[in-house]
2 protein chains.
Amino acid sequence: MTEFFLPELPRLLPVAYHPKATQIEIRSNGWVRGQLGTCFAREDDLLLFLRQRNGLYGPLTVPHADEQRALDVTDWYQYVTVIDSSVSDRSSLGADEADARVVFADIMDDFRSNRDAPGDLPYSRAGQDLWRRISPGFSRAQIQRFADALESFLRGCATEIGFKQADRVPDYETCMAIRMDSFGCQFIRLMTEYAADVDMTGHETLLADVHMHGMRQMILVNDLLSWRKEHAQGDKMTLVRVFIEREGLLLQQAIDGLCELVEHHESAYLAARDQLLHGPHGSRADIRRYLSGLDHLIGGSQEFEYLTPRYFGDGYVWDGSTSGWLSLTAPVTRFRPRPGGDTDPHISAAGSTDQSVPSLTRG
Amino acid sequence: MTEFFLPELPRLLPVAYHPKATQIEIRSNGWVRGQLGTCFAREDDLLLFLRQRNGLYGPLTVPHADEQRALDVTDWYQYVTVIDSSVSDRSSLGADEADARVVFADIMDDFRSNRDAPGDLPYSRAGQDLWRRISPGFSRAQIQRFADALESFLRGCATEIGFKQADRVPDYETCMAIRMDSFGCQFIRLMTEYAADVDMTGHETLLADVHMHGMRQMILVNDLLSWRKEHAQGDKMTLVRVFIEREGLLLQQAIDGLCELVEHHESAYLAARDQLLHGPHGSRADIRRYLSGLDHLIGGSQEFEYLTPRYFGDGYVWDGSTSGWLSLTAPVTRFRPRPGGDTDPHISAAGSTDQSVPSLTRG
């Protein structure tokens with residue numbers, strides 16, 4: 001099958017853009033060019049990355065943070081997304097798991113040591129820049145978690161490379177566990193704390209249900225909306241492929257099954273959050289701020305995934321659609337009202353089948 | 001000469017993005033697809049237009065308008081930019097001045113008549129949609145000016161087609177006068193009034209100096225920043241070409257001369273504005289709101305022109321730079337710290353000349 005239908009998802013969580021979203025994206029793009037430009041083989045590859053609008057992930061997930069923290073979070077997410085892109089690229093970090101683990105160990109050494117002269121890797125220099133900006137806003141416990149979070153993420157990335165090299169598809173729970181790392185769930189929570197200026201260290205048990213359901217919803221939505229890209233890149237660590245190759249479902253059945261799971265975990269997240277809000281800790285300002293942050297994290301992450309050319313093809317521009325047929329083969333796809341592959345949908349949608357009458361002067 | 005140096009411009013006016021800039025751009029892109037999609041020959045041409053970020057011109061020029069008015073203004077500017085693009089396209093409206101004037105007359109008939117069944121042209125339907133949304137916010141005098149403004153714009157566009165067909169370059173004052181029409185200076189002022197919810201009808205004399213210097217600054221900046229595009233499309237109606245072909249200057253001399261004029265008119269605008277603010281009408285709330293709107297119009301328009309791929313090539317992503325060397329031949333250019341044409345600047349800028357060591361695993 002070369003296309004599938006994506007139904008409307010519940011979208012019960014709030015979506016907001018930081019009031020300075022555009023400026024933050026532009027400034028962050030400047031930071032990526034300056035700090036990480038040499039991680040890209042060519043200027044064109046850097047521009048391809050910047051066209052993915054990855055600098056909007058921060059403004060969408062921490063819409064109420066003060067401007068400097070929103071920028072720090074934005075740069076952080078761009079940083080890990082550059083690494084993630086390299087991991088998916090067989091001509092770069094994705095070439096070999098063992099080599100990647102060596103590089104990742106170097107990054108971690110520099111990140112943890114915070115030494116004056118970091119290694120030569122741009123990832124080390126950029127990581128240290130982020131460390132220096134973000135860690136003063138953290139408690140000692142959060143600083144430790146920050147380094148651990150990056151390590152978990154890099155470990156998840158390396159594991160994904162290994163599965164891809166070995167052409168192995170994991171089972172559902174294995175996949176979900178690795179995706180928790182490679183999706184960056186630990187630092188996602190830390191960035192939410194940083195933006196809300198709270199410290200949730202020690203509250204893991206209290207927050208276990210909101211985290212579990214919230215993060216599963218995010219990973220499920222991500223795997224649904226990124227399927228076109230993951231499919232093209234032959235990635236093994238995606239729940240769509242797990243459903244097809246391990247559970248024997250057809251593509252559309254896998255999509256529909258994942259959509260049901262999104263609904264389930266989104267509802268369960270909301271129930272767990274409400275239970276917390278109405279429980280003995282529900283009046284604490286820091287808990288409330290953090291939960292509001294999680295709401296926006298989940299809603300904003302999904303919004304980003306609808307809009308990014310990273311998932312729908314370089315050149316895509318989102319027009320606000322959230323449901324429709326998606327092609328796996330078109331260089332640029334979009335949510336279309338009916339199936340039909342790569343034909344020009346906007347012309348036939350308007351009722352005309354005559355594609356030889358293209359422009360106003362002749363129309 | 002295939003490149004030129006653009007110096008820093010004064011940028012003495014405020015720049016702000018509407019707090020909902022991104023959402024407005026996305027919604028407006030959906031409006032363009034729905035209303036004007038068939039004006040584009042192919043889906044790819046529509047996407048090319050949407051990638052130019054024209055939906056940010058509104059959020060940048062009316063950053064303090066309420067959300068619905070900001071959206072109306074944004075759709076309006078996209079509408080006239082679609083027309084402007086078609087005028088620059090020799091396979092579309094730009095093919096022939098007389099044909100274009102016939103099409104424009106139809107658009108005006110539908111725009112003015114506000115009849116229930118507008119003509120078949122998508123431009124007529126979209127224009128009527130805008131008319132119905134915007135004119136209820138206008139006084140009777142403004143409504144008349146609104147139709148006149150569209151007519152002036154279309155007249156300016158048609159005149160530009162004629163100059164291009166005849167391969168004629170006008171003198172400076174002729175060019176400036178036609179550009180006042182084709183840049184939409186009348187509706188630009190009306191959109192500023194609409195956003196600020198004021199009626200400046202009858203104040204033309206009072207505002208003559210701020211308008212004259214403000215609009216000249218905007219046209220000069222536009223002609224500077226759009227030169228790469230205008231050059232590629234062979235447009236005659238641009239002040240850069242006037243300086244080169246009528247005044248005999250070299251490209252860099254023309255650029256430098258225009259920059260001096262930008263400084264002059266920007267300072268003169270500020271002086272005229274301040275004189276008004278400190279004069280007998282300076283305490284009127286509507287005048288103050290309108291002048292603040294003009295400030296943001298001028299500052300926001302310039303910001304847009306730095307960021308748009310319309311001027312710097314499809315695929316360009318702005319990183320915040322505002323000065324540097326610009327190539328006229330690179331498919332995608334950007335502000336570079338030194339001349340050097342189409343080479344990969346981000347690699348040599350980082351000190352390495354070895355372009356065979358592209359990515360992290362090998363670096």
# chains A, B, ... in the order shown; residues from 1 in each chain; ligands from 1
$ residues_around --residues "A:Ile178" --least-positions-apart "6" --cutoff "12 Å" --atoms "only C-alpha atoms" --output "PyMOL selection string"
chain A and resi 152-163+169-172+184-185+216+219+236-239
$ residues_around --residues "A:Thr201" --least-positions-apart "2" --cutoff "8 Å" --atoms "only C-alpha atoms" --output "PyMOL selection string"
chain A and resi 141-142+199+203-204
$ residues_around --residues "B:Arg33" --least-positions-apart "5" --cutoff "10 Å" --atoms "only C-alpha atoms" --output "count of residues only"
11
$ select_by_dssp --residues "stretch 179-352 of chain A" --states "strand (DSSP E or B)" --output "MDAnalysis selection string"
chainID A and resid 324:327 336
$ residues_around --residues "A:Met200" --least-positions-apart "4" --cutoff "9 Å" --atoms "only C-alpha atoms" --output "PyMOL selection string"
chain A and resi 142+189-190+193+204+207+286-287+290
$ atom_distance --atom1 "atom CA of B:Gly234" --atom2 "atom CA of B:Gly248"
17.6 Å
$ residues_around --residues "stretch 61-68 of chain B" --least-positions-apart "2" --cutoff "9 Å" --atoms "only C-alpha atoms" --output "PyMOL selection string"
chain B and resi 15-21+24+56-59+70-74+191-192+194-197+293-301+304
$ atom_distance --atom1 "atom CA of B:Tyr311" --atom2 "atom CA of B:Gly340"
19.4 Å
$ residues_around --residues "B:Val221" --least-positions-apart "5" --cutoff "9 Å" --atoms "only C-alpha atoms" --output "ChimeraX atom specification"
/B:9,216,226,258-259,262,301-302,305
$ atom_distance --atom1 "atom CA of B:Gly313" --atom2 "atom CA of B:Leu328"
10.0 Å
$ closest_residue --among "B:Arg289, B:Arg334, B:His231, B:Arg112" --to "chain A" --atoms "only C-alpha atoms"
B:Arg334
$ select_by_dssp --residues "stretch 48-200 of chain A" --states "alpha helix (DSSP H)" --output "ChimeraX atom specification"
/A:48-50,57-61,67-87,97-113,122-134,140-165,172-182,185-196
$ closest_residue --among "B:Phe187, B:Tyr79, B:Phe138, B:Phe49" --to "chain A" --atoms "only C-alpha atoms"
B:Phe49
$ closest_residue --among "A:Glu8, A:Glu173, A:Asp235, A:Asp120" --to "chain B" --atoms "only C-alpha atoms"
A:Asp120
